[in-house]
$ cat coords32.csv   # CSV, C-alpha atoms and all ligand atoms
chain,number,residue,atom,x,y,z
F,1,MET,CA,-17.9,-1.1,-33.3
F,2,GLN,CA,-19.0,-3.4,-30.5
F,3,GLU,CA,-19.3,-2.2,-27.0
F,4,LEU,CA,-16.2,-2.4,-24.8
F,5,SER,CA,-16.3,-4.0,-21.4
F,6,GLN,CA,-18.5,-1.9,-19.1
F,7,VAL,CA,-16.5,-2.7,-16.0
F,8,ALA,CA,-13.2,-1.7,-17.7
F,9,ARG,CA,-14.6,1.5,-19.2
F,10,ASN,CA,-15.8,2.6,-15.8
F,11,ILE,CA,-12.5,2.1,-14.0
F,12,PRO,CA,-11.3,5.5,-12.9
F,13,VAL,CA,-7.7,6.6,-13.4
F,14,SER,CA,-5.4,5.9,-10.4
F,15,MET,CA,-5.3,9.4,-8.8
F,16,THR,CA,-2.0,8.8,-7.1
F,17,LEU,CA,-0.3,7.9,-10.4
F,18,ALA,CA,-2.2,10.7,-12.3
F,19,VAL,CA,-1.2,13.5,-10.0
F,20,SER,CA,2.4,12.2,-9.9
F,21,ASP,CA,2.5,12.1,-13.7
F,22,LYS,CA,1.1,15.7,-13.8
F,23,ALA,CA,3.7,16.9,-11.3
F,24,GLY,CA,6.5,15.1,-13.3
F,25,ALA,CA,5.3,16.7,-16.6
F,26,LEU,CA,5.2,20.2,-15.0
F,27,LYS,CA,8.7,19.7,-13.6
F,28,ALA,CA,10.0,18.5,-17.0
F,29,ALA,CA,8.5,21.7,-18.5
F,30,GLY,CA,10.7,23.7,-16.1
F,31,GLN,CA,8.1,24.5,-13.4
F,32,ASP,CA,9.2,24.6,-9.7
F,33,VAL,CA,6.8,21.9,-8.4
F,34,ILE,CA,7.1,20.2,-5.0
F,35,ALA,CA,5.9,16.7,-5.7
F,36,LEU,CA,4.1,15.2,-2.7
F,37,ALA,CA,1.6,13.2,-4.6
F,38,GLY,CA,2.9,9.7,-5.0
F,39,GLY,CA,4.3,7.2,-2.5
F,40,ASP,CA,7.7,6.7,-4.0
F,41,PRO,CA,10.7,6.8,-1.6
F,42,ASP,CA,13.2,9.5,-2.5
F,43,PHE,CA,15.9,7.1,-1.5
F,44,ASP,CA,17.6,5.1,-4.2
F,45,THR,CA,17.6,1.4,-3.9
F,46,PRO,CA,20.5,0.4,-1.5
F,47,THR,CA,23.6,-0.4,-3.5
F,48,HIS,CA,24.0,-4.0,-2.2
F,49,ILE,CA,20.6,-4.8,-3.8
F,50,THR,CA,21.4,-3.1,-7.1
F,51,ALA,CA,24.8,-4.9,-7.2
F,52,ALA,CA,23.1,-8.3,-6.8
F,53,ALA,CA,20.9,-7.5,-9.9
F,54,PHE,CA,24.0,-6.4,-12.0
F,55,LYS,CA,25.8,-9.6,-10.9
F,56,ALA,CA,22.7,-11.7,-11.8
F,57,ILE,CA,22.5,-10.2,-15.2
F,58,GLU,CA,26.2,-10.7,-15.8
F,59,GLN,CA,25.8,-14.3,-14.8
F,60,GLY,CA,23.0,-14.9,-17.3
F,61,ALA,CA,19.8,-14.4,-15.2
F,62,THR,CA,18.2,-13.0,-18.3
F,63,HIS,CA,16.0,-16.0,-19.1
F,64,TYR,CA,12.7,-17.1,-17.7
F,65,PRO,CA,13.1,-17.9,-14.1
F,66,SER,CA,12.9,-21.5,-12.8
F,67,PRO,CA,10.5,-22.2,-11.1
F,68,MET,CA,8.4,-19.6,-12.9
F,69,LYS,CA,6.5,-18.6,-9.7
F,70,GLY,CA,9.8,-17.5,-8.2
F,71,ILE,CA,13.4,-18.7,-7.9
F,72,THR,CA,13.9,-21.1,-5.0
F,73,PRO,CA,16.3,-18.9,-2.9
F,74,LEU,CA,13.7,-16.1,-3.0
F,75,LEU,CA,10.8,-18.3,-2.1
F,76,GLU,CA,12.8,-19.7,0.7
F,77,ALA,CA,13.9,-16.2,1.9
F,78,ILE,CA,10.3,-15.0,1.9
F,79,ALA,CA,9.1,-18.1,3.8
F,80,LEU,CA,11.9,-17.6,6.4
F,81,LYS,CA,11.0,-13.9,6.7
F,82,LEU,CA,7.3,-14.7,7.3
F,83,GLU,CA,8.2,-17.3,9.9
F,84,GLN,CA,10.8,-15.2,11.8
F,85,GLU,CA,9.2,-11.8,11.6
F,86,ASN,CA,5.5,-12.5,11.3
F,87,GLN,CA,5.1,-15.9,13.0
F,88,ILE,CA,3.5,-17.3,9.9
F,89,LYS,CA,4.6,-20.7,8.8
F,90,VAL,CA,4.4,-21.3,5.0
F,91,ASP,CA,6.0,-23.9,2.8
F,92,PRO,CA,8.3,-22.1,0.3
F,93,ARG,CA,7.6,-24.9,-2.3
F,94,THR,CA,3.8,-24.5,-2.2
F,95,ASP,CA,2.6,-21.4,-0.4
F,96,VAL,CA,4.4,-18.4,-2.0
F,97,VAL,CA,4.3,-16.8,-5.5
F,98,VAL,CA,6.4,-13.8,-6.5
F,99,THR,CA,4.6,-11.1,-8.4
F,100,PRO,CA,5.5,-8.0,-10.4
F,101,GLY,CA,4.6,-5.6,-7.5
F,102,GLY,CA,2.2,-5.9,-4.6
F,103,LYS,CA,-0.5,-4.5,-6.8
F,104,TRP,CA,-0.5,-7.6,-9.0
F,105,ALA,CA,-0.5,-9.8,-5.8
F,106,LEU,CA,-3.8,-8.0,-4.8
F,107,ASN,CA,-5.3,-8.6,-8.2
F,108,LEU,CA,-4.1,-12.2,-8.3
F,109,ALA,CA,-5.7,-12.9,-4.9
F,110,LEU,CA,-9.0,-11.5,-5.8
F,111,SER,CA,-9.1,-13.2,-9.2
F,112,ILE,CA,-8.9,-16.5,-7.3
F,113,LEU,CA,-11.3,-15.7,-4.4
F,114,LEU,CA,-14.2,-14.1,-6.3
F,115,ASN,CA,-17.2,-15.4,-8.2
F,116,PRO,CA,-19.3,-12.7,-10.0
F,117,GLY,CA,-21.3,-10.8,-7.4
F,118,ASP,CA,-19.2,-11.8,-4.4
F,119,GLU,CA,-18.9,-8.9,-2.0
F,120,VAL,CA,-15.6,-7.6,-0.6
F,121,ILE,CA,-15.4,-5.4,2.4
F,122,TYR,CA,-12.8,-2.6,2.5
F,123,PHE,CA,-12.3,0.3,4.8
F,124,ASP,CA,-12.7,4.0,3.8
F,125,PRO,CA,-10.2,5.8,3.7
F,126,PHE,CA,-8.8,3.2,1.4
F,127,TRP,CA,-5.9,3.0,-1.0
F,128,VAL,CA,-7.0,4.2,-4.4
F,129,SER,CA,-6.8,0.9,-6.2
F,130,TYR,CA,-8.8,-1.3,-3.9
F,131,PRO,CA,-12.4,-0.8,-5.3
F,132,SER,CA,-11.1,-0.9,-8.9
F,133,ILE,CA,-9.2,-4.2,-8.3
F,134,ILE,CA,-12.4,-5.7,-6.7
F,135,LEU,CA,-14.5,-4.6,-9.7
F,136,LEU,CA,-12.1,-5.8,-12.3
F,137,ASN,CA,-12.3,-9.3,-10.7
F,138,GLY,CA,-16.1,-9.4,-10.8
F,139,GLY,CA,-16.6,-8.5,-7.2
F,140,VAL,CA,-18.8,-6.0,-5.5
F,141,PRO,CA,-16.9,-3.5,-3.4
F,142,VAL,CA,-18.5,-2.9,0.0
F,143,ARG,CA,-17.2,0.2,1.7
F,144,VAL,CA,-17.0,0.5,5.5
F,145,GLN,CA,-16.6,4.2,6.3
F,146,LEU,CA,-14.3,4.8,9.3
F,147,ASN,CA,-14.5,7.9,11.4
F,148,SER,CA,-11.7,10.5,11.5
F,149,THR,CA,-12.9,11.7,15.0
F,150,ASP,CA,-12.3,8.1,16.2
F,151,ASN,CA,-8.8,7.9,14.6
F,152,PHE,CA,-10.3,5.7,11.9
F,153,THR,CA,-10.6,2.8,14.4
F,154,ILE,CA,-12.0,-0.5,13.0
F,155,THR,CA,-14.9,-1.9,15.2
F,156,ALA,CA,-16.8,-5.2,15.1
F,157,GLU,CA,-20.1,-3.2,14.8
F,158,LEU,CA,-18.9,-1.4,11.7
F,159,ILE,CA,-17.9,-4.5,10.0
F,160,GLN,CA,-20.9,-6.6,11.1
F,161,ALA,CA,-23.3,-3.9,9.7
F,162,HIS,CA,-21.9,-4.6,6.2
F,163,ILE,CA,-21.8,-8.4,6.2
F,164,SER,CA,-24.3,-10.1,3.9
F,165,SER,CA,-24.8,-13.7,2.6
F,166,LYS,CA,-22.6,-12.6,-0.3
F,167,THR,CA,-19.6,-11.4,1.7
F,168,LYS,CA,-16.5,-13.3,0.7
F,169,ALA,CA,-13.5,-11.4,1.9
F,170,ILE,CA,-12.2,-8.4,3.8
F,171,MET,CA,-9.3,-6.3,2.5
F,172,VAL,CA,-7.2,-4.7,5.1
F,173,ASN,CA,-4.0,-2.7,5.0
F,174,THR,CA,-1.8,-2.1,8.0
F,175,PRO,CA,0.1,0.2,8.3
F,176,THR,CA,-2.5,2.1,6.3
F,177,ASN,CA,-2.3,4.2,3.2
F,178,PRO,CA,-3.5,7.0,3.4
F,179,THR,CA,-4.2,7.5,7.1
F,180,GLY,CA,-0.9,6.4,8.6
F,181,ARG,CA,-2.7,4.2,11.2
F,182,VAL,CA,-1.1,1.0,12.5
F,183,LEU,CA,-3.8,-1.5,13.5
F,184,THR,CA,-3.7,-2.4,17.2
F,185,GLN,CA,-4.0,-6.0,18.6
F,186,ALA,CA,-7.6,-5.1,19.6
F,187,GLU,CA,-8.5,-4.2,16.0
F,188,ILE,CA,-6.8,-7.3,14.6
F,189,ASP,CA,-8.8,-9.3,17.2
F,190,VAL,CA,-12.0,-7.8,15.9
F,191,LEU,CA,-11.0,-8.6,12.3
F,192,THR,CA,-10.1,-12.2,13.3
F,193,ALA,CA,-13.4,-12.7,15.2
F,194,VAL,CA,-15.5,-11.4,12.3
F,195,ALA,CA,-13.6,-13.4,9.7
F,196,VAL,CA,-13.7,-16.7,11.6
F,197,GLN,CA,-17.4,-16.3,12.6
F,198,ASN,CA,-18.5,-15.5,9.1
F,199,ASP,CA,-16.1,-17.8,7.3
F,200,LEU,CA,-14.5,-14.9,5.3
F,201,TYR,CA,-11.2,-14.7,3.6
F,202,VAL,CA,-8.9,-11.8,4.6
F,203,LEU,CA,-6.6,-10.1,2.1
F,204,SER,CA,-3.9,-8.6,4.2
F,205,ASP,CA,-1.8,-5.9,2.5
F,206,GLU,CA,1.3,-5.5,4.6
F,207,ILE,CA,3.4,-3.5,2.1
F,208,TYR,CA,4.2,-0.7,4.7
F,209,GLU,CA,5.1,-3.3,7.4
F,210,LYS,CA,8.6,-1.9,7.9
F,211,LEU,CA,7.5,1.7,8.1
F,212,ILE,CA,6.3,1.9,11.7
F,213,PHE,CA,7.2,4.7,14.1
F,214,ASP,CA,7.8,5.1,17.9
F,215,GLY,CA,8.6,1.5,18.5
F,216,ARG,CA,5.1,0.2,17.6
F,217,ARG,CA,4.8,-3.3,16.3
F,218,HIS,CA,3.3,-4.7,13.1
F,219,ILE,CA,0.7,-7.4,13.7
F,220,SER,CA,0.0,-9.8,10.9
F,221,PRO,CA,-3.6,-11.0,10.7
F,222,ALA,CA,-2.4,-14.4,9.3
F,223,ALA,CA,-0.6,-15.1,12.6
F,224,GLN,CA,-3.8,-15.0,14.6
F,225,PRO,CA,-5.7,-18.2,15.7
F,226,GLY,CA,-7.9,-19.6,12.9
F,227,MET,CA,-6.5,-17.2,10.3
F,228,ALA,CA,-3.7,-19.0,8.5
F,229,GLU,CA,-6.2,-21.0,6.4
F,230,ARG,CA,-8.2,-17.9,5.4
F,231,THR,CA,-5.6,-15.1,5.0
F,232,LEU,CA,-3.7,-14.2,1.9
F,233,ILE,CA,-0.7,-12.0,2.6
F,234,VAL,CA,0.4,-9.3,0.2
F,235,ASN,CA,3.8,-7.8,0.6
F,236,GLY,CA,6.6,-6.5,-1.5
F,237,PHE,CA,9.9,-4.6,-1.9
F,238,SER,CA,8.7,-1.2,-3.2
F,239,LYS,CA,8.4,0.6,0.1
F,240,ALA,CA,10.7,-1.1,2.6
F,241,TYR,CA,13.6,-1.3,0.3
F,242,ALA,CA,12.9,1.7,-1.9
F,243,MET,CA,12.3,-0.6,-5.0
F,244,THR,CA,9.2,0.9,-6.5
F,245,GLY,CA,10.5,0.7,-10.1
F,246,TRP,CA,11.6,-2.9,-9.8
F,247,ARG,CA,8.0,-4.0,-9.7
F,248,LEU,CA,8.4,-6.8,-7.2
F,249,GLY,CA,6.1,-8.2,-4.6
F,250,TYR,CA,4.6,-11.5,-3.4
F,251,LEU,CA,1.4,-13.3,-2.4
F,252,ALA,CA,1.5,-16.0,0.3
F,253,GLY,CA,-1.2,-18.1,1.8
F,254,PRO,CA,-2.8,-21.6,1.9
F,255,GLY,CA,-1.3,-24.0,-0.6
F,256,GLU,CA,-4.6,-24.8,-2.4
F,257,ILE,CA,-5.0,-21.2,-3.2
F,258,MET,CA,-1.4,-20.6,-4.1
F,259,LYS,CA,-1.4,-23.5,-6.5
F,260,ILE,CA,-4.1,-21.6,-8.5
F,261,ALA,CA,-2.1,-18.4,-8.1
F,262,ALA,CA,0.9,-20.0,-9.8
F,263,ARG,CA,-1.4,-21.3,-12.6
F,264,ILE,CA,-2.9,-17.9,-13.2
F,265,ASN,CA,0.5,-16.2,-13.2
F,266,GLY,CA,1.6,-18.8,-15.8
F,267,GLN,CA,-1.3,-17.9,-18.1
F,268,THR,CA,-1.0,-14.2,-17.7
F,269,ILE,CA,2.2,-12.5,-16.7
F,270,SER,CA,4.4,-15.7,-16.6
F,271,SER,CA,6.7,-14.3,-13.9
F,272,SER,CA,8.4,-11.4,-12.4
F,273,ALA,CA,11.7,-10.4,-14.1
F,274,THR,CA,14.4,-13.0,-13.2
F,275,PHE,CA,17.3,-10.7,-12.3
F,276,THR,CA,15.0,-8.6,-10.0
F,277,MET,CA,14.4,-11.8,-8.0
F,278,HIS,CA,18.1,-12.2,-7.3
F,279,ALA,CA,18.2,-8.6,-6.0
F,280,ALA,CA,15.2,-9.4,-3.8
F,281,VAL,CA,17.2,-12.3,-2.3
F,282,ALA,CA,19.9,-9.8,-1.4
F,283,ALA,CA,17.3,-7.5,0.0
F,284,LEU,CA,15.8,-10.1,2.4
F,285,THR,CA,19.0,-12.0,3.4
F,286,ASP,CA,21.6,-9.2,3.7
F,287,PRO,CA,21.8,-7.0,6.8
F,288,GLN,CA,18.6,-4.9,7.2
F,289,ASP,CA,20.2,-1.6,8.4
F,290,CYS,CA,19.1,0.2,5.3
F,291,ILE,CA,15.4,-0.3,6.3
F,292,ALA,CA,16.0,1.2,9.8
F,293,ALA,CA,17.9,4.2,8.3
F,294,MET,CA,15.1,5.0,5.9
F,295,ARG,CA,12.4,4.5,8.5
F,296,ASP,CA,14.2,6.8,10.9
F,297,SER,CA,14.3,9.5,8.1
F,298,TYR,CA,10.6,9.2,7.5
F,299,GLN,CA,10.0,9.5,11.3
F,300,ALA,CA,12.2,12.6,11.5
F,301,ARG,CA,10.3,14.1,8.5
F,302,ARG,CA,7.0,13.3,10.2
F,303,ASP,CA,8.3,14.9,13.4
F,304,PHE,CA,9.1,18.1,11.5
F,305,MET,CA,6.1,18.2,9.2
F,306,VAL,CA,3.1,17.5,11.6
F,307,PRO,CA,3.9,20.3,14.0
F,308,ALA,CA,4.9,22.6,11.2
F,309,LEU,CA,1.6,22.1,9.4
F,310,ASN,CA,-0.4,22.5,12.6
F,311,SER,CA,1.4,25.8,13.3
F,312,ILE,CA,-0.1,27.3,10.1
F,313,GLU,CA,-3.5,28.9,10.6
F,314,GLY,CA,-6.1,27.0,8.5
F,315,ILE,CA,-4.3,23.7,8.4
F,316,GLU,CA,-4.8,20.7,10.7
F,317,CYS,CA,-2.8,17.5,10.5
F,318,ALA,CA,-3.1,14.3,12.6
F,319,MET,CA,0.0,12.5,13.9
F,320,ILE,CA,0.7,9.3,12.0
F,321,GLU,CA,1.9,5.9,13.4
F,322,GLY,CA,3.3,4.4,10.2
F,323,ALA,CA,3.6,4.5,6.4
F,324,PHE,CA,4.7,7.8,4.8
F,325,TYR,CA,1.7,9.9,4.2
F,326,LEU,CA,0.2,12.8,6.0
F,327,MET,CA,-3.5,13.8,5.4
F,328,PRO,CA,-3.9,17.4,6.5
F,329,CYS,CA,-7.3,19.1,6.3
F,330,PHE,CA,-8.2,22.8,5.8
F,331,PRO,CA,-11.0,23.6,8.2
F,332,ASN,CA,-11.5,27.2,7.2
F,333,SER,CA,-11.8,26.3,3.5
F,334,SER,CA,-15.1,25.7,1.6
F,335,LYS,CA,-13.3,23.9,-1.2
F,336,ASN,CA,-13.6,20.2,-1.7
F,337,SER,CA,-10.4,18.1,-1.8
F,338,MET,CA,-10.2,18.2,-5.6
F,339,GLN,CA,-10.4,22.0,-5.5
F,340,LEU,CA,-7.9,22.1,-2.6
F,341,ALA,CA,-5.4,20.0,-4.5
F,342,ASP,CA,-5.8,22.2,-7.6
F,343,ALA,CA,-5.4,25.4,-5.5
F,344,LEU,CA,-2.3,24.0,-3.8
F,345,LEU,CA,-0.7,23.3,-7.2
F,346,ASP,CA,-1.7,26.7,-8.7
F,347,LEU,CA,-0.9,28.9,-5.6
F,348,ALA,CA,2.1,27.1,-4.1
F,349,GLY,CA,3.3,24.6,-6.8
F,350,ILE,CA,2.6,21.8,-4.4
F,351,ALA,CA,1.3,18.5,-5.9
F,352,GLY,CA,-0.7,16.5,-3.3
F,353,THR,CA,-3.4,13.8,-3.9
F,354,PRO,CA,-7.0,14.9,-3.3
F,355,GLY,CA,-8.5,13.1,-0.3
F,356,ALA,CA,-11.6,12.1,-2.4
F,357,ALA,CA,-9.4,9.6,-4.2
F,358,PHE,CA,-9.2,7.7,-1.0
F,359,GLY,CA,-12.9,7.8,-0.2
F,360,GLN,CA,-15.6,9.9,1.5
F,361,ALA,CA,-13.9,9.7,4.9
F,362,ALA,CA,-10.9,11.5,3.4
F,363,GLU,CA,-12.9,14.3,1.7
F,364,GLY,CA,-11.7,17.7,2.7
F,365,HIS,CA,-8.1,16.4,3.1
F,366,VAL,CA,-5.1,16.3,0.8
F,367,ARG,CA,-2.6,13.6,1.0
F,368,PHE,CA,1.1,14.6,1.2
F,369,SER,CA,3.8,12.0,0.8
F,370,ILE,CA,6.8,12.5,3.1
F,371,ALA,CA,8.9,10.0,1.2
F,372,THR,CA,10.3,13.3,0.0
F,373,ALA,CA,13.6,15.0,0.8
F,374,MET,CA,13.5,17.1,4.0
F,375,SER,CA,14.6,20.2,2.0
F,376,GLU,CA,11.5,19.8,-0.2
F,377,LEU,CA,9.3,19.4,2.8
F,378,GLU,CA,10.7,22.6,4.3
F,379,ARG,CA,10.0,24.5,1.1
F,380,ALA,CA,6.5,23.1,1.1
F,381,VAL,CA,5.9,24.4,4.6
F,382,GLU,CA,7.2,27.8,3.8
F,383,ARG,CA,4.9,28.1,0.8
F,384,LEU,CA,1.9,26.8,2.7
F,385,ALA,CA,2.4,29.4,5.4
F,386,GLN,CA,2.2,32.1,2.7
F,387,ILE,CA,-0.9,30.8,0.9
F,388,ALA,CA,-3.0,29.0,3.5
F,389,HIS,CA,-5.2,32.0,4.0
F,390,LYS,CA,-6.1,31.9,0.3
F,391,LEU,CA,-7.4,28.3,0.4
W,401,LIG,N1,-0.8,-1.5,-1.3
W,401,LIG,C1,-0.7,-0.2,-0.9
W,401,LIG,C2,-1.5,0.2,0.3
W,401,LIG,C3,0.0,0.7,-1.6
W,401,LIG,O1,0.1,2.0,-1.2
W,401,LIG,C4,0.7,0.3,-2.8
W,401,LIG,C5,1.4,1.4,-3.5
W,401,LIG,N2,2.6,1.2,-3.9
W,401,LIG,C6,0.7,-1.1,-3.1
W,401,LIG,C7,-0.1,-1.9,-2.4
W,401,LIG,C8,1.4,-1.7,-4.3
W,401,LIG,O2,2.7,-1.4,-4.4
W,401,LIG,P1,3.7,-2.1,-5.5
W,401,LIG,O3,2.8,-2.6,-6.6
W,401,LIG,O4,4.6,-1.0,-5.9
W,401,LIG,O5,4.3,-3.2,-4.7
W,402,LIG,N1,1.0,3.3,-3.6
W,402,LIG,C1,1.6,4.6,-3.9
W,402,LIG,C2,0.6,5.7,-3.5
W,402,LIG,O1,-0.4,5.5,-2.9
W,402,LIG,C3,2.2,4.7,-5.3
W,402,LIG,C4,1.2,5.0,-6.4
W,402,LIG,C5,0.3,3.8,-6.6
W,402,LIG,O2,0.7,2.7,-6.9
W,402,LIG,O3,-0.9,4.1,-6.5
W,402,LIG,O4,1.0,6.8,-3.8

$ encode --input "coords32.csv" --output "structure tokens"
Amino acid sequence: MQELSQVARNIPVSMTLAVSDKAGALKAAGQDVIALAGGDPDFDTPTHITAAAFKAIEQGATHYPSPMKGITPLLEAIALKLEQENQIKVDPRTDVVVTPGGKWALNLALSILLNPGDEVIYFDPFWVSYPSIILLNGGVPVRVQLNSTDNFTITAELIQAHISSKTKAIMVNTPTNPTGRVLTQAEIDVLTAVAVQNDLYVLSDEIYEKLIFDGRRHISPAAQPGMAERTLIVNGFSKAYAMTGWRLGYLAGPGEIMKIAARINGQTISSSATFTMHAAVAALTDPQDCIAAMRDSYQARRDFMVPALNSIEGIECAMIEGAFYLMPCFPNSSKNSMQLADALLDLAGIAGTPGAAFGQAAEGHVRFSIATAMSELERAVERLAQIAHKL
């Protein structure tokens, strides 16, 4: 048989999904596993959103959507949201495309930006799929390692040191999976200055935008001076509205690029599912109290979990500012993060994602998702207190 694509063959499994699948299989087999691996809210999608989908199905929204890139009320609702909440002005007719999940929006963006060999800068720790999505689109991932002792702060020096004549874009995620950082205005200014000076595109993944604690503020790179024409915004419904299974996100940015995005969607996935778009209109246009309620729960879980983990001998856990992941480390252990995750599953029945999946800067850490019921988090802490000395 002929050789398969080398790039495709070398794409690693998504560790977040693999560990979640493993935990699910163990649970299905009757094992008492506490699943902290995947970032999937334990909340069900709010009922006013599911009701809108049922209604849409009953009213015949079971055909291809029109326009294919997204039904008009959804494109308009997204444009209004971007203007009111993020101070970004986009034309709903030309600058927005609805996608099946934020993940496809990232893929779509890079498929438009990259020629073979173009370099894309991304920050380590990174979300597991970034380097794979760059590679799958012919790009060269260029990793900028951030420093945990510096709270993973992005600096101009760090980025500049990785820029070459081939650099095309920077991928950035705020609030950040897996570190829980929320980028400050100073960091966004650094990013803006470097992007403008070097004529780079910025792919801004804002999927955790709504999950920010302690009254902090989300800052959109696209809203900064000189950035609108070079920033592609990725966002979606998975995290803010507990809609992971709906597979719904969007890409927004300059019309010339979005025109191509609509064409590529048309030649690949066609569209997102029509009735899910009607649910998304309800999500964006109905009262937003559900978001605040879920965010407050995540904050309460963080406030319980971080001190509880730090009170256990052999575990250290940094405070997070946003998203719903903790990244404890185990300073007394000689195990690497893969071995630690295995040991946690074997000894305590706790499924976490090994830090190595998120890059070298996260080695020695295991990521726990706190999009998990408080009762499960309490059980996890009890078990950790019993087995930490064995790690
Ligand atoms: N970006 C980040 C940083 C994520 O953690 C995820 C995981 N859900 C996504 C994008 C994509 O999410 P979805 O495809 O469910 O919209
Ligand atoms: N983004 C989530 C996570 O990091 C969900 C799984 C995935 O899509 O990778 O766990």

$ residues_around --input "coords32.csv" --residues "region 185-189 of chain F" --least-positions-apart "2" --cutoff "7 Å" --atoms "only C-alpha atoms" --output "PyMOL selection string"
chain F and resi 154-155+183+191-193+219+221

$ residues_around --input "coords32.csv" --residues "Asn198 (chain F)" --least-positions-apart "3" --cutoff "9 Å" --atoms "all atoms listed in the file" --output "compact mmCIF listing (two decimals) with C-alpha atoms, in the coordinates of the input"
# COMPACT_ATOMS: atom_id res chain seq x y z
CA ILE F 163 -21.80 -8.40 6.20
CA THR F 167 -19.60 -11.40 1.70
CA LYS F 168 -16.50 -13.30 0.70
CA ALA F 193 -13.40 -12.70 15.20
CA VAL F 194 -15.50 -11.40 12.30
CA ALA F 195 -13.60 -13.40 9.70

$ residues_near_ligand --input "coords32.csv" --ligand "ligand LIG 402 (chain W)" --cutoff "9 Å" --atoms "all atoms listed in the file" --output "PyMOL selection string"
chain F and resi 14-18+20+37-40+103+127-129+177-178+238-239+244+325+353+369

$ residues_near_ligand --input "coords32.csv" --ligand "ligand LIG 401 (chain W)" --cutoff "8 Å" --atoms "only C-alpha atoms and all ligand atoms" --output "JSON, numbers by chain"
{"F": [39, 40, 100, 101, 102, 103, 104, 105, 106, 126, 127, 173, 176, 177, 178, 205, 206, 207, 208, 234, 235, 236, 237, 238, 239, 243, 244, 245, 247, 248, 249]}

$ residues_around --input "coords32.csv" --residues "Ser220 (chain F)" --least-positions-apart "2" --cutoff "8 Å" --atoms "all atoms listed in the file" --output "PDB file with C-alpha atoms, in the coordinates of the input"
ATOM      1  CA  ASN F  86       5.500 -12.500  11.300  1.00  0.00           C
ATOM      2  CA  SER F 204      -3.900  -8.600   4.200  1.00  0.00           C
ATOM      3  CA  GLU F 206       1.300  -5.500   4.600  1.00  0.00           C
ATOM      4  CA  HIS F 218       3.300  -4.700  13.100  1.00  0.00           C
ATOM      5  CA  ALA F 222      -2.400 -14.400   9.300  1.00  0.00           C
ATOM      6  CA  ALA F 223      -0.600 -15.100  12.600  1.00  0.00           C
ATOM      7  CA  GLN F 224      -3.800 -15.000  14.600  1.00  0.00           C
TER       8      GLN F 224
END

$ atom_distance --input "coords32.csv" --atom1 "CA of Phe324 (chain F)" --atom2 "CA of His162 (chain F)"
29.4 Å

$ residues_around --input "coords32.csv" --residues "Arg367 (chain F)" --least-positions-apart "4" --cutoff "12 Å" --atoms "all atoms listed in the file" --output "ChimeraX atom specification"
/F:15-16,19,35-39,125,127-128,177-180,317-318,324-330,337-338,340-341,344,350-359,362-363

$ residues_near_point --input "coords32.csv" --point "(16.9, -7.4, 1.6)" --cutoff "10 Å" --atoms "only C-alpha atoms" --output "PDB file with C-alpha atoms, in the coordinates of the input"
ATOM      1  CA  PRO F  46      20.500   0.400  -1.500  1.00  0.00           C
ATOM      2  CA  HIS F  48      24.000  -4.000  -2.200  1.00  0.00           C
ATOM      3  CA  ILE F  49      20.600  -4.800  -3.800  1.00  0.00           C
ATOM      4  CA  ALA F  77      13.900 -16.200   1.900  1.00  0.00           C
ATOM      5  CA  PHE F 237       9.900  -4.600  -1.900  1.00  0.00           C
ATOM      6  CA  ALA F 240      10.700  -1.100   2.600  1.00  0.00           C
ATOM      7  CA  TYR F 241      13.600  -1.300   0.300  1.00  0.00           C
ATOM      8  CA  ALA F 279      18.200  -8.600  -6.000  1.00  0.00           C
ATOM      9  CA  ALA F 280      15.200  -9.400  -3.800  1.00  0.00           C
ATOM     10  CA  VAL F 281      17.200 -12.300  -2.300  1.00  0.00           C
ATOM     11  CA  ALA F 282      19.900  -9.800  -1.400  1.00  0.00           C
ATOM     12  CA  ALA F 283      17.300  -7.500   0.000  1.00  0.00           C
ATOM     13  CA  LEU F 284      15.800 -10.100   2.400  1.00  0.00           C
ATOM     14  CA  THR F 285      19.000 -12.000   3.400  1.00  0.00           C
ATOM     15  CA  ASP F 286      21.600  -9.200   3.700  1.00  0.00           C
ATOM     16  CA  PRO F 287      21.800  -7.000   6.800  1.00  0.00           C
ATOM     17  CA  GLN F 288      18.600  -4.900   7.200  1.00  0.00           C
ATOM     18  CA  ASP F 289      20.200  -1.600   8.400  1.00  0.00           C
ATOM     19  CA  CYS F 290      19.100   0.200   5.300  1.00  0.00           C
ATOM     20  CA  ILE F 291      15.400  -0.300   6.300  1.00  0.00           C
TER      21      ILE F 291
END

$ closest_residue --input "coords32.csv" --among "F:Thr94, F:Thr149, F:Ser272, F:Asn137" --to "Ser66 (chain F)" --atoms "all atoms listed in the file"
F:Ser272

$ closest_residue --input "coords32.csv" --among "F:Leu345, F:Leu377, F:Ala361, F:Val182" --to "Asp32 (chain F)" --atoms "only C-alpha atoms"
F:Leu345

$ atom_distance --input "coords32.csv" --atom1 "CA of Ala51 (chain F)" --atom2 "CA of Pro73 (chain F)"
16.9 Å

$ closest_residue --input "coords32.csv" --among "F:Gln160, F:Gln339, F:Thr174, F:Asn115" --to "Val140 (chain F)" --atoms "all atoms listed in the file"
F:Asn115

$ residues_around --input "coords32.csv" --residues "region 254-262 of chain F" --least-positions-apart "3" --cutoff "9 Å" --atoms "all atoms listed in the file" --output "list of chain:residue names"
F:Met68, F:Lys69, F:Val90, F:Asp91, F:Thr94, F:Asp95, F:Val96, F:Val97, F:Val98, F:Leu108, F:Ala109, F:Ser111, F:Ile112, F:Leu113, F:Ala228, F:Glu229, F:Arg230, F:Thr231, F:Leu232, F:Leu251, F:Asn265, F:Gly266, F:Gln267, F:Ser270
